[in-house]
>>> print(open('my_file.pdb').read())   # PDB, C-alpha atoms
MODEL        1
ATOM      1  CA  MET A 298      14.843  28.036  26.835
ATOM      2  CA  GLU A 299      16.963  27.029  23.860
ATOM      3  CA  LEU A 300      19.278  24.043  24.248
ATOM      4  CA  GLN A 301      22.241  23.604  21.898
ATOM      5  CA  LEU A 302      23.634  20.083  21.786
ATOM      6  CA  PRO A 303      27.072  19.065  20.454
ATOM      7  CA  GLY A 304      25.709  16.911  17.648
ATOM      8  CA  PRO A 305      22.573  15.057  16.516
ATOM      9  CA  ALA A 306      20.303  13.807  19.278
ATOM     10  CA  GLU A 307      17.007  11.995  19.671
ATOM     11  CA  GLN A 308      14.238  13.183  21.956
ATOM     12  CA  ALA A 309      12.158  11.069  24.287
ATOM     13  CA  ALA A 310       8.400  10.775  23.715
ATOM     14  CA  TRP A 311       5.786   8.091  24.311
ATOM     15  CA  ASP A 312       5.192   4.754  22.639
ATOM     16  CA  PRO A 313       1.793   4.775  20.851
ATOM     17  CA  VAL A 314       0.847   1.270  22.010
ATOM     18  CA  GLU A 315       1.580   2.156  25.652
ATOM     19  CA  VAL A 316      -0.434   5.363  25.317
ATOM     20  CA  ALA A 317      -3.341   3.304  23.958
ATOM     21  CA  LYS A 318      -3.122   1.020  27.000
ATOM     22  CA  ARG A 319      -3.190   4.024  29.310
ATOM     23  CA  ILE A 320      -6.199   5.545  27.534
ATOM     24  CA  ARG A 321      -8.122   2.248  27.730
ATOM     25  CA  GLY A 322      -7.286   1.933  31.424
ATOM     26  CA  ASP A 323      -5.049  -1.141  31.091
ATOM     27  CA  LEU A 324      -2.254   0.824  32.825
ATOM     28  CA  ARG A 325      -2.964   2.437  36.189
ATOM     29  CA  ARG A 326      -0.222   5.049  35.735
ATOM     30  CA  ASP A 327       1.127   7.035  32.828
ATOM     31  CA  PRO A 328       3.789   5.012  30.973
ATOM     32  CA  PRO A 329       7.365   6.323  30.893
ATOM     33  CA  ALA A 330       8.667   8.326  27.966
ATOM     34  CA  ARG A 331      11.076   6.355  25.793
ATOM     35  CA  TYR A 332      13.654   6.876  23.094
ATOM     36  CA  SER A 333      13.056   5.439  19.642
ATOM     37  CA  ASP A 334      14.659   2.073  20.518
ATOM     38  CA  GLY A 335      12.394   1.601  23.520
ATOM     39  CA  GLU A 336      14.918   2.547  26.211
ATOM     40  CA  ARG A 337      13.224   4.308  29.085
ATOM     41  CA  ALA A 338      13.903   8.033  29.537
ATOM     42  CA  PHE A 339      14.197   9.844  32.858
ATOM     43  CA  HIS A 340      12.215  12.900  34.008
ATOM     44  CA  VAL A 341      10.044  13.967  31.088
ATOM     45  CA  ASN A 342       7.109  16.246  31.899
ATOM     46  CA  LEU A 343       5.115  18.214  29.351
ATOM     47  CA  GLY A 344       2.966  20.362  31.616
ATOM     48  CA  ASP A 345       1.431  20.784  35.047
ATOM     49  CA  ARG A 346      -2.131  21.075  33.722
ATOM     50  CA  GLY A 347      -2.757  17.362  33.805
ATOM     51  CA  PRO A 348      -0.830  14.671  31.949
ATOM     52  CA  LEU A 349       0.050  15.420  28.334
ATOM     53  CA  LEU A 350       1.407  12.423  26.440
ATOM     54  CA  ILE A 351       2.832  12.916  22.935
ATOM     55  CA  THR A 352       3.628   9.842  20.901
ATOM     56  CA  HIS A 353       6.530   9.128  18.635
ATOM     57  CA  PRO A 354       5.355   9.198  14.979
ATOM     58  CA  MET A 355       2.607   6.611  14.501
ATOM     59  CA  SER A 356       2.139   4.087  11.735
ATOM     60  CA  ASP A 357      -1.363   3.706  10.288
ATOM     61  CA  SER A 358      -1.931   0.583  12.381
ATOM     62  CA  GLN A 359      -0.765   2.323  15.576
ATOM     63  CA  ARG A 360      -3.015   5.280  14.828
ATOM     64  CA  ASN A 361      -5.982   2.913  14.542
ATOM     65  CA  VAL A 362      -5.055   1.229  17.838
ATOM     66  CA  VAL A 363      -4.935   4.565  19.679
ATOM     67  CA  ARG A 364      -8.179   5.801  18.154
ATOM     68  CA  GLY A 365      -9.826   2.524  19.089
ATOM     69  CA  ALA A 366      -8.604   3.010  22.661
ATOM     70  CA  VAL A 367     -10.160   6.490  22.703
ATOM     71  CA  ASP A 368     -13.524   5.053  21.612
ATOM     72  CA  ILE A 369     -13.301   2.491  24.417
ATOM     73  CA  ARG A 370     -12.447   5.225  26.945
ATOM     74  CA  VAL A 371     -15.466   7.301  25.886
ATOM     75  CA  THR A 372     -17.744   4.289  26.366
ATOM     76  CA  LYS A 373     -16.198   3.428  29.732
ATOM     77  CA  ASP A 374     -16.486   6.988  31.035
ATOM     78  CA  GLY A 375     -20.162   7.091  30.090
ATOM     79  CA  ALA A 376     -20.765   3.730  31.746
ATOM     80  CA  MET A 377     -18.932   4.790  34.926
ATOM     81  CA  LEU A 378     -21.004   7.967  35.189
ATOM     82  CA  LYS A 379     -24.179   5.923  34.889
ATOM     83  CA  ALA A 380     -22.909   3.411  37.478
ATOM     84  CA  ARG A 381     -22.283   6.287  39.916
ATOM     85  CA  ASP A 382     -25.866   7.446  39.473
ATOM     86  CA  GLY A 383     -24.866  10.516  37.453
ATOM     87  CA  LYS A 384     -22.093  11.741  39.763
ATOM     88  CA  ASP A 385     -18.459  12.429  38.876
ATOM     89  CA  VAL A 386     -15.422  11.051  40.725
ATOM     90  CA  TYR A 387     -15.832  13.744  43.396
ATOM     91  CA  GLY A 388     -19.473  12.878  44.066
ATOM     92  CA  THR A 389     -20.819  15.957  42.297
ATOM     93  CA  ARG A 390     -23.822  15.722  39.996
ATOM     94  CA  ALA A 391     -22.477  15.682  36.431
ATOM     95  CA  THR A 392     -23.327  15.202  32.783
ATOM     96  CA  PHE A 393     -21.416  13.631  29.910
ATOM     97  CA  ASP A 394     -20.636  16.323  27.341
ATOM     98  CA  HIS A 395     -19.057  15.758  23.943
ATOM     99  CA  LEU A 396     -16.833  18.737  23.018
ATOM    100  CA  ASP A 397     -16.142  19.890  19.484
ATOM    101  CA  TRP A 398     -12.595  21.273  19.588
ATOM    102  CA  ALA A 399     -10.353  18.216  19.154
ATOM    103  CA  GLY A 400     -10.083  18.555  15.367
ATOM    104  CA  SER A 401     -10.649  16.067  12.585
ATOM    105  CA  GLY A 402     -10.097  12.521  13.807
ATOM    106  CA  GLY A 403      -9.867  13.621  17.449
ATOM    107  CA  LYS A 404     -12.273  13.490  20.360
ATOM    108  CA  ALA A 405     -12.797  15.620  23.449
ATOM    109  CA  TRP A 406     -15.294  15.179  26.253
ATOM    110  CA  ARG A 407     -16.127  16.265  29.755
ATOM    111  CA  VAL A 408     -17.528  14.195  32.604
ATOM    112  CA  GLY A 409     -18.262  16.724  35.296
ATOM    113  CA  SER A 410     -14.910  18.088  36.417
ATOM    114  CA  GLN A 411     -12.829  15.757  34.233
ATOM    115  CA  LEU A 412     -11.704  16.861  30.758
ATOM    116  CA  SER A 413     -10.241  14.343  28.303
ATOM    117  CA  ALA A 414      -9.067  14.795  24.733
ATOM    118  CA  PHE A 415      -7.119  13.095  21.975
ATOM    119  CA  THR A 416      -5.985  14.594  18.693
ATOM    120  CA  THR A 417      -3.297  14.044  16.093
ATOM    121  CA  VAL A 418      -0.664  16.584  15.094
ATOM    122  CA  GLY A 419       1.255  15.476  12.029
ATOM    123  CA  ASN A 420       2.112  11.834  12.676
ATOM    124  CA  SER A 421       2.031  12.120  16.459
ATOM    125  CA  GLY A 422      -0.873  11.665  18.831
ATOM    126  CA  LEU A 423      -1.646  13.906  21.818
ATOM    127  CA  TRP A 424      -3.535  12.538  24.821
ATOM    128  CA  TRP A 425      -4.502  15.067  27.469
ATOM    129  CA  LYS A 426      -6.482  14.640  30.674
ATOM    130  CA  LEU A 427      -7.268  17.436  33.118
ATOM    131  CA  SER A 428      -9.179  17.750  36.378
ATOM    132  CA  THR A 429     -10.989  21.067  36.863
ATOM    133  CA  HIS A 430     -12.358  20.211  40.318
ATOM    134  CA  ASP A 431     -10.714  23.049  42.255
ATOM    135  CA  SER A 432     -10.514  25.664  39.511
ATOM    136  CA  ASP A 433     -12.547  27.659  37.015
ATOM    137  CA  ALA A 434     -13.936  24.926  34.761
ATOM    138  CA  LYS A 435     -14.905  27.264  31.922
ATOM    139  CA  ALA A 436     -11.511  29.001  31.907
ATOM    140  CA  ASP A 437      -9.717  25.650  32.056
ATOM    141  CA  GLU A 438     -11.729  24.317  29.139
ATOM    142  CA  ALA A 439     -11.058  27.462  27.095
ATOM    143  CA  GLU A 440      -7.304  27.170  27.738
ATOM    144  CA  PHE A 441      -7.389  23.452  27.015
ATOM    145  CA  ALA A 442      -9.251  23.981  23.732
ATOM    146  CA  SER A 443      -6.973  26.835  22.652
ATOM    147  CA  LEU A 444      -3.793  24.843  23.211
ATOM    148  CA  MET A 445      -5.099  21.804  21.393
ATOM    149  CA  ALA A 446      -6.505  23.831  18.479
ATOM    150  CA  GLY A 447      -3.219  25.691  18.057
ATOM    151  CA  ALA A 448      -0.955  22.643  18.181
ATOM    152  CA  MET A 449       1.158  22.290  15.050
ATOM    153  CA  PRO A 450       3.774  19.804  13.802
ATOM    154  CA  ARG A 451       7.380  20.597  14.686
ATOM    155  CA  ALA A 452      10.389  18.824  13.252
ATOM    156  CA  LEU A 453      12.818  17.832  15.989
ATOM    157  CA  ASN A 454      15.594  20.371  16.609
ATOM    158  CA  THR A 455      13.814  23.206  14.778
ATOM    159  CA  VAL A 456      13.448  26.503  16.657
ATOM    160  CA  PRO A 457      10.144  28.371  16.167
ATOM    161  CA  THR A 458      10.291  32.165  16.471
ATOM    162  CA  LYS A 459       6.745  32.444  17.809
ATOM    163  CA  PRO A 460       6.161  32.373  21.562
ATOM    164  CA  GLY A 461       5.042  28.977  22.780
ATOM    165  CA  LEU A 462       6.187  25.601  24.025
ATOM    166  CA  CYS A 463       8.474  23.276  22.056
ATOM    167  CA  MET A 464       7.342  19.689  22.647
ATOM    168  CA  PRO A 465       8.516  16.467  20.991
ATOM    169  CA  TYR A 466       7.238  16.665  17.387
ATOM    170  CA  VAL A 467       4.747  19.398  18.379
ATOM    171  CA  PHE A 468       4.719  23.148  18.967
ATOM    172  CA  LEU A 469       2.054  24.721  21.204
ATOM    173  CA  PRO A 470       1.806  28.479  20.570
ATOM    174  CA  ASP A 471       0.869  30.715  23.495
ATOM    175  CA  ASP A 472       1.027  34.375  24.499
ATOM    176  CA  GLY A 473       4.589  34.168  25.796
ATOM    177  CA  VAL A 474       3.631  34.936  29.381
ATOM    178  CA  ALA A 475       1.449  31.956  30.353
ATOM    179  CA  PRO A 476       2.952  29.811  33.136
ATOM    180  CA  ARG A 477       4.991  26.909  31.801
ATOM    181  CA  TYR A 478       6.574  23.695  33.003
ATOM    182  CA  VAL A 479       8.395  21.529  30.471
ATOM    183  CA  ALA A 480      11.037  18.891  31.171
ATOM    184  CA  ALA A 481      12.485  17.231  28.054
ATOM    185  CA  SER A 482      15.092  14.501  27.603
ATOM    186  CA  TYR A 483      17.625  13.931  24.814
ATOM    187  CA  ARG A 484      20.193  11.247  23.995
ATOM    188  CA  LEU A 485      23.216  12.082  21.861
ATOM    189  CA  LYS A 486      23.414   9.864  18.793
ATOM    190  CA  GLY A 487      27.185  10.041  18.439
ATOM    191  CA  GLN A 488      27.812   9.542  22.156
ATOM    192  CA  PRO A 489      24.767   7.599  23.394
ATOM    193  CA  ASP A 490      26.017   7.364  26.975
ATOM    194  CA  VAL A 491      25.190  11.088  27.319
ATOM    195  CA  ILE A 492      21.621  11.860  28.396
ATOM    196  CA  VAL A 493      20.628  15.517  28.597
ATOM    197  CA  GLY A 494      17.540  16.771  30.404
ATOM    198  CA  LEU A 495      16.316  20.352  30.619
ATOM    199  CA  GLU A 496      13.522  21.479  32.918
ATOM    200  CA  ASP A 497      12.210  24.969  32.178
ATOM    201  CA  LYS A 498       9.403  26.425  34.278
ATOM    202  CA  SER A 499       7.967  29.709  35.459
ATOM    203  CA  ALA A 500       9.211  30.804  38.868
ATOM    204  CA  ALA A 501       6.505  29.886  41.364
ATOM    205  CA  PRO A 502       5.513  31.712  44.573
ATOM    206  CA  PRO A 503       6.788  30.033  47.759
ATOM    207  CA  ASN A 504       4.570  27.178  48.892
ATOM    208  CA  ALA A 505       4.065  27.142  52.667
ATOM    209  CA  LYS A 506       3.627  23.360  52.550
ATOM    210  CA  LEU A 507       6.937  22.894  50.707
ATOM    211  CA  ASN A 508      10.044  21.862  52.615
ATOM    212  CA  ALA A 509      12.077  25.025  53.153
ATOM    213  CA  ARG A 510      15.117  23.261  51.669
ATOM    214  CA  MET A 511      13.299  23.110  48.331
ATOM    215  CA  ARG A 512      13.357  26.895  48.147
ATOM    216  CA  ASP A 513      17.094  27.060  47.477
ATOM    217  CA  PRO A 514      19.089  25.458  44.635
ATOM    218  CA  GLU A 515      21.190  23.328  46.990
ATOM    219  CA  GLY A 516      18.072  21.765  48.484
ATOM    220  CA  VAL A 517      16.561  21.094  45.063
ATOM    221  CA  SER A 518      19.855  19.528  43.981
ATOM    222  CA  ASP A 519      19.927  17.326  47.084
ATOM    223  CA  PHE A 520      16.428  16.108  46.319
ATOM    224  CA  PHE A 521      17.332  15.407  42.695
ATOM    225  CA  TRP A 522      20.287  13.163  43.527
ATOM    226  CA  THR A 523      18.885  11.461  46.636
ATOM    227  CA  GLY A 524      15.157  11.306  45.885
ATOM    228  CA  LEU A 525      14.276  11.893  42.240
ATOM    229  CA  TYR A 526      17.063   9.998  40.488
ATOM    230  CA  GLN A 527      16.905   6.407  41.728
ATOM    231  CA  ASP A 528      18.515   4.470  38.887
ATOM    232  CA  ARG A 529      21.690   3.771  40.895
ATOM    233  CA  ARG A 530      22.938   1.875  43.902
ATOM    234  CA  ASP A 531      24.592   4.909  45.455
ATOM    235  CA  VAL A 532      25.649   8.447  44.603
ATOM    236  CA  THR A 533      28.687  10.372  45.898
ATOM    237  CA  SER A 534      29.998  13.860  45.194
ATOM    238  CA  ILE A 535      33.230  13.982  43.196
ATOM    239  CA  TRP A 536      33.956  17.509  44.435
ATOM    240  CA  LYS A 537      34.969  18.161  48.053
ATOM    241  CA  ASP A 538      32.448  21.009  48.133
ATOM    242  CA  ARG A 539      29.268  19.416  46.851
ATOM    243  CA  TYR A 540      28.016  22.606  45.204
ATOM    244  CA  ARG A 541      29.713  25.348  43.259
ATOM    245  CA  SER A 542      28.182  28.661  42.254
ATOM    246  CA  THR A 543      27.406  29.098  38.576
ATOM    247  CA  THR A 544      24.953  30.777  36.214
ATOM    248  CA  ILE A 545      22.798  29.330  33.473
ATOM    249  CA  ALA A 546      21.017  31.544  30.941
ATOM    250  CA  GLY A 547      21.837  34.486  33.188
ATOM    251  CA  VAL A 548      20.226  33.013  36.317
ATOM    252  CA  LYS A 549      22.377  32.327  39.381
ATOM    253  CA  GLY A 550      22.436  28.765  40.630
ATOM    254  CA  VAL A 551      24.663  25.894  41.687
ATOM    255  CA  GLU A 552      26.334  23.013  39.886
ATOM    256  CA  SER A 553      27.148  19.560  41.219
ATOM    257  CA  PHE A 554      29.170  16.645  39.867
ATOM    258  CA  VAL A 555      28.658  13.116  41.172
ATOM    259  CA  ARG A 556      29.737   9.528  40.732
ATOM    260  CA  LEU A 557      26.895   7.053  40.163
ATOM    261  CA  ARG A 558      27.372   3.384  41.017
ATOM    262  CA  ARG A 559      24.876   1.221  39.150
ATOM    263  CA  GLU A 560      23.410  -2.007  40.523
ATOM    264  CA  ASP A 561      25.859  -4.041  38.421
ATOM    265  CA  GLY A 562      28.835  -2.052  39.764
ATOM    266  CA  THR A 563      29.286   0.153  36.681
ATOM    267  CA  ILE A 564      30.549   3.655  37.504
ATOM    268  CA  ASP A 565      28.850   6.498  35.660
ATOM    269  CA  HIS A 566      28.841  10.259  36.180
ATOM    270  CA  GLY A 567      26.213  12.922  36.613
ATOM    271  CA  TYR A 568      26.238  16.700  36.319
ATOM    272  CA  LEU A 569      23.445  18.997  37.498
ATOM    273  CA  VAL A 570      22.741  22.728  37.405
ATOM    274  CA  VAL A 571      19.822  24.168  39.378
ATOM    275  CA  ALA A 572      18.863  27.852  39.115
ATOM    276  CA  LEU A 573      15.763  29.321  40.755
ATOM    277  CA  GLY A 574      14.217  32.542  39.522
ATOM    278  CA  SER A 575      12.354  35.087  41.600
ATOM    279  CA  PRO A 576       8.580  34.534  41.757
ATOM    280  CA  HIS A 577       8.154  38.271  42.324
ATOM    281  CA  ALA A 578       9.830  39.301  39.046
ATOM    282  CA  GLN A 579       7.727  39.324  35.863
ATOM    283  CA  GLY A 580       8.809  36.667  33.392
ATOM    284  CA  SER A 581      11.209  35.070  35.860
ATOM    285  CA  PHE A 582      11.935  31.386  35.336
ATOM    286  CA  SER A 583      13.687  28.474  37.000
ATOM    287  CA  MET A 584      15.790  25.818  35.338
ATOM    288  CA  MET A 585      17.315  22.454  36.000
ATOM    289  CA  LEU A 586      19.790  20.910  33.561
ATOM    290  CA  HIS A 587      21.039  17.388  34.131
ATOM    291  CA  VAL A 588      23.615  15.518  32.080
ATOM    292  CA  ILE A 589      23.752  11.878  33.125
ATOM    293  CA  GLN A 590      25.971   9.129  31.817
ATOM    294  CA  ARG A 591      24.612   5.718  30.838
ATOM    295  CA  SER A 592      27.632   3.656  29.832
ATOM    296  CA  ASP A 593      25.422   0.695  28.967
ATOM    297  CA  PHE A 594      23.757   2.730  26.203
ATOM    298  CA  ALA A 595      27.158   3.465  24.644
ATOM    299  CA  ARG A 596      28.430  -0.111  24.894
ATOM    300  CA  LYS A 597      25.208  -1.393  23.338
ATOM    301  CA  ALA A 598      25.924   0.887  20.359
ATOM    302  CA  GLY A 599      29.589  -0.103  20.202
ATOM    303  CA  VAL A 600      30.799   3.331  21.351
ATOM    304  CA  PRO A 601      33.365   3.811  24.169
ATOM    305  CA  PRO A 602      31.861   5.747  27.118
ATOM    306  CA  LEU A 603      33.418   9.093  28.010
ATOM    307  CA  ASP A 604      35.968   9.276  30.814
ATOM    308  CA  GLU A 605      35.324  11.481  33.845
ATOM    309  CA  ALA A 606      37.167  14.580  32.637
ATOM    310  CA  SER A 607      35.696  14.449  29.119
ATOM    311  CA  PHE A 608      32.191  13.967  30.495
ATOM    312  CA  LEU A 609      32.468  16.993  32.797
ATOM    313  CA  ALA A 610      33.881  19.192  30.033
ATOM    314  CA  LEU A 611      31.027  18.208  27.703
ATOM    315  CA  ALA A 612      28.372  18.721  30.386
ATOM    316  CA  ARG A 613      29.657  22.183  31.266
ATOM    317  CA  ASP A 614      29.814  23.144  27.600
ATOM    318  CA  ILE A 615      26.152  22.147  27.177
ATOM    319  CA  ALA A 616      25.177  24.181  30.254
ATOM    320  CA  ALA A 617      27.069  27.244  28.982
ATOM    321  CA  LYS A 618      25.040  27.249  25.765
ATOM    322  CA  VAL A 619      21.557  27.222  27.313
ATOM    323  CA  THR A 620      19.971  30.561  26.406
ATOM    324  CA  PRO A 621      16.522  32.164  26.337
ATOM    325  CA  ARG A 622      14.846  31.441  22.995
ATOM    326  CA  ALA A 623      14.265  34.535  20.908
ATOM    327  CA  THR A 624      10.584  35.003  20.027
ATOM    328  CA  GLY A 625       8.545  37.580  18.186
ATOM    329  CA  ASN A 626       7.437  39.283  21.398
ATOM    330  CA  ALA A 627      10.616  38.784  23.426
ATOM    331  CA  ARG A 628      11.000  41.347  26.190
TER
ENDMDL
END
>>> encode(input="my_file.pdb", output="structure tokens")
Amino acid sequence: MELQLPGPAEQAAWDPVEVAKRIRGDLRRDPPARYSDGERAFHVNLGDRGPLLITHPMSDSQRNVVRGAVDIRVTKDGAMLKARDGKDVYGTRATFDHLDWAGSGGKAWRVGSQLSAFTTVGNSGLWWKLSTHDSDAKADEAEFASLMAGAMPRALNTVPTKPGLCMPYVFLPDDGVAPRYVAASYRLKGQPDVIVGLEDKSAAPPNAKLNARMRDPEGVSDFFWTGLYQDRRDVTSIWKDRYRSTTIAGVKGVESFVRLRREDGTIDHGYLVVALGSPHAQGSFSMMLHVIQRSDFARKAGVPPLDEASFLALARDIAAKVTPRATGNAR
């Protein structure tokens, strides 16, 4: 998808020092993505093939810290394999294999069913970890290596014409038909209370284990406001009918508009569009666009937050301009 924003914006990525802590094992979970000033971003996901963390541009000292963390991780993984008497985390007999496709200054390795890799692309670092336990290990490694070898620097807000995935600071070329799942987050520089998130993913076959409500856009929207987005005291629909029919990039879906009461009593607004493609149609995709107000971000920057009507008009204008990105093999 291609997202057109009404002015300059910054994109969320990961702090290099926090990524280093995660690689070393000092953090038990992946750190949150952040904007350049350190403010935490909401709902950023750069793939469903294991965690992919891309750092904001690194200084020389930060680069050394991350590379040092990678060296420590390699040593720890080897020591853990030895401590488990040569078995991986699933209890399967395993070996420690150094892999040669992470590029100059990078490292990649496998411990049984676990693949790990770090490389640099321009001034950003990429940390990727993938479990191949229940899949074709050789195919997974080939895909993993291909994506990492093809990664190239991408200036923010540039639009490549090749098929592939646009990540923060990085472009990952692919064949244009590989399954995708990318959720990115932006903050408008001129109106910093406006946070824009776009989730773009291939339409997936129905999952029998999935709640039936998650198979329709209203159910996905309900989950977003009541389960996924928790940075509020309460949420209420501004419209009498909670959902209205709409389309985004030619896909039918629903829109919702809510009032968000923060813990300190501040009233913000949120707008959401959910559109689900057909898993039986080739190239079909699903999307979720959220535009969420953070008045505290605007006040911190000395900018008046938008009123309710202006916020809704802006959010709908952003949604109307989401389009499929034209690529060299577009069909």
>>> axis_aligned_box(input="my_file.pdb", around="range 564-579 of chain A", padding_each_side="8 Å", output="AutoDock Vina command-line options")
--center_x 19.1 --center_y 21.5 --center_z 39.0 --size_x 38.8 --size_y 51.7 --size_z 22.7
>>> residues_around(input="my_file.pdb", residues="range 481-488 of chain A", least_positions_apart="3", cutoff="6 Å", atoms="all atoms listed in the file", output="list in words")
Pro305, Ala306, Glu307, Gln308, Ala309, Val341, Val491, Ile492, Val493, Gly494 and Leu495 of chain A
>>> closest_residue(input="my_file.pdb", among="A:Thr523, A:Asp323, A:Ser401, A:Asp490", to="Lys597 in chain A", atoms="only C-alpha atoms")
A:Asp490
>>> atom_distance(input="my_file.pdb", atom1="CA of Arg451 in chain A", atom2="CA of Ile351 in chain A")
12.2 Å
>>> residues_around(input="my_file.pdb", residues="Arg558 in chain A", least_positions_apart="2", cutoff="10 Å", atoms="all atoms listed in the file", output="number ranges by chain")
A: 528-533, 555-556, 560-566
>>> write_last_selection(input="my_file.pdb", atoms="C-alpha atoms", output="PDB file, in the frame of the given file")
ATOM      1  CA  ASP A 528      18.515   4.470  38.887  1.00  0.00           C
ATOM      2  CA  ARG A 529      21.690   3.771  40.895  1.00  0.00           C
ATOM      3  CA  ARG A 530      22.938   1.875  43.902  1.00  0.00           C
ATOM      4  CA  ASP A 531      24.592   4.909  45.455  1.00  0.00           C
ATOM      5  CA  VAL A 532      25.649   8.447  44.603  1.00  0.00           C
ATOM      6  CA  THR A 533      28.687  10.372  45.898  1.00  0.00           C
ATOM      7  CA  VAL A 555      28.658  13.116  41.172  1.00  0.00           C
ATOM      8  CA  ARG A 556      29.737   9.528  40.732  1.00  0.00           C
ATOM      9  CA  GLU A 560      23.410  -2.007  40.523  1.00  0.00           C
ATOM     10  CA  ASP A 561      25.859  -4.041  38.421  1.00  0.00           C
ATOM     11  CA  GLY A 562      28.835  -2.052  39.764  1.00  0.00           C
ATOM     12  CA  THR A 563      29.286   0.153  36.681  1.00  0.00           C
ATOM     13  CA  ILE A 564      30.549   3.655  37.504  1.00  0.00           C
ATOM     14  CA  ASP A 565      28.850   6.498  35.660  1.00  0.00           C
ATOM     15  CA  HIS A 566      28.841  10.259  36.180  1.00  0.00           C
TER      16      HIS A 566
END
>>> closest_residue(input="my_file.pdb", among="A:Leu609, A:Ala317, A:Leu444, A:Val551", to="Ile535 in chain A", atoms="only C-alpha atoms")
A:Leu609
>>> closest_residue(input="my_file.pdb", among="A:Asn454, A:Ser534, A:Asp327, A:Val408", to="Ala376 in chain A", atoms="all atoms listed in the file")
A:Val408
>>> closest_residue(input="my_file.pdb", among="A:Leu378, A:Ile369, A:Ala617, A:Leu423", to="Ala310 in chain A", atoms="only C-alpha atoms")
A:Leu423
>>> atom_distance(input="my_file.pdb", atom1="CA of Asp368 in chain A", atom2="CA of Phe415 in chain A")
10.3 Å
>>> residues_near_point(input="my_file.pdb", point="(26.0, 23.1, 43.5)", cutoff="10 Å", atoms="only C-alpha atoms", output="PyMOL selection string")
chain A and resi 514-519+536+538-543+550-554+568-572
>>> closest_residue(input="my_file.pdb", among="A:Gly403, A:Pro489, A:Pro621, A:Gly409", to="Gly383 in chain A", atoms="only C-alpha atoms")
A:Gly409
>>> atom_distance(input="my_file.pdb", atom1="CA of Pro313 in chain A", atom2="CA of Cys463 in chain A")
19.7 Å
>>> residues_near_point(input="my_file.pdb", point="(-10.3, 20.0, 18.0)", cutoff="8 Å", atoms="only C-alpha atoms", output="PDB file with C-alpha atoms, in the frame of the given file")
ATOM      1  CA  ASP A 397     -16.142  19.890  19.484  1.00  0.00           C
ATOM      2  CA  TRP A 398     -12.595  21.273  19.588  1.00  0.00           C
ATOM      3  CA  ALA A 399     -10.353  18.216  19.154  1.00  0.00           C
ATOM      4  CA  GLY A 400     -10.083  18.555  15.367  1.00  0.00           C
ATOM      5  CA  SER A 401     -10.649  16.067  12.585  1.00  0.00           C
ATOM      6  CA  GLY A 403      -9.867  13.621  17.449  1.00  0.00           C
ATOM      7  CA  LYS A 404     -12.273  13.490  20.360  1.00  0.00           C
ATOM      8  CA  ALA A 405     -12.797  15.620  23.449  1.00  0.00           C
ATOM      9  CA  THR A 416      -5.985  14.594  18.693  1.00  0.00           C
ATOM     10  CA  ALA A 442      -9.251  23.981  23.732  1.00  0.00           C
ATOM     11  CA  MET A 445      -5.099  21.804  21.393  1.00  0.00           C
ATOM     12  CA  ALA A 446      -6.505  23.831  18.479  1.00  0.00           C
TER      13      ALA A 446
END
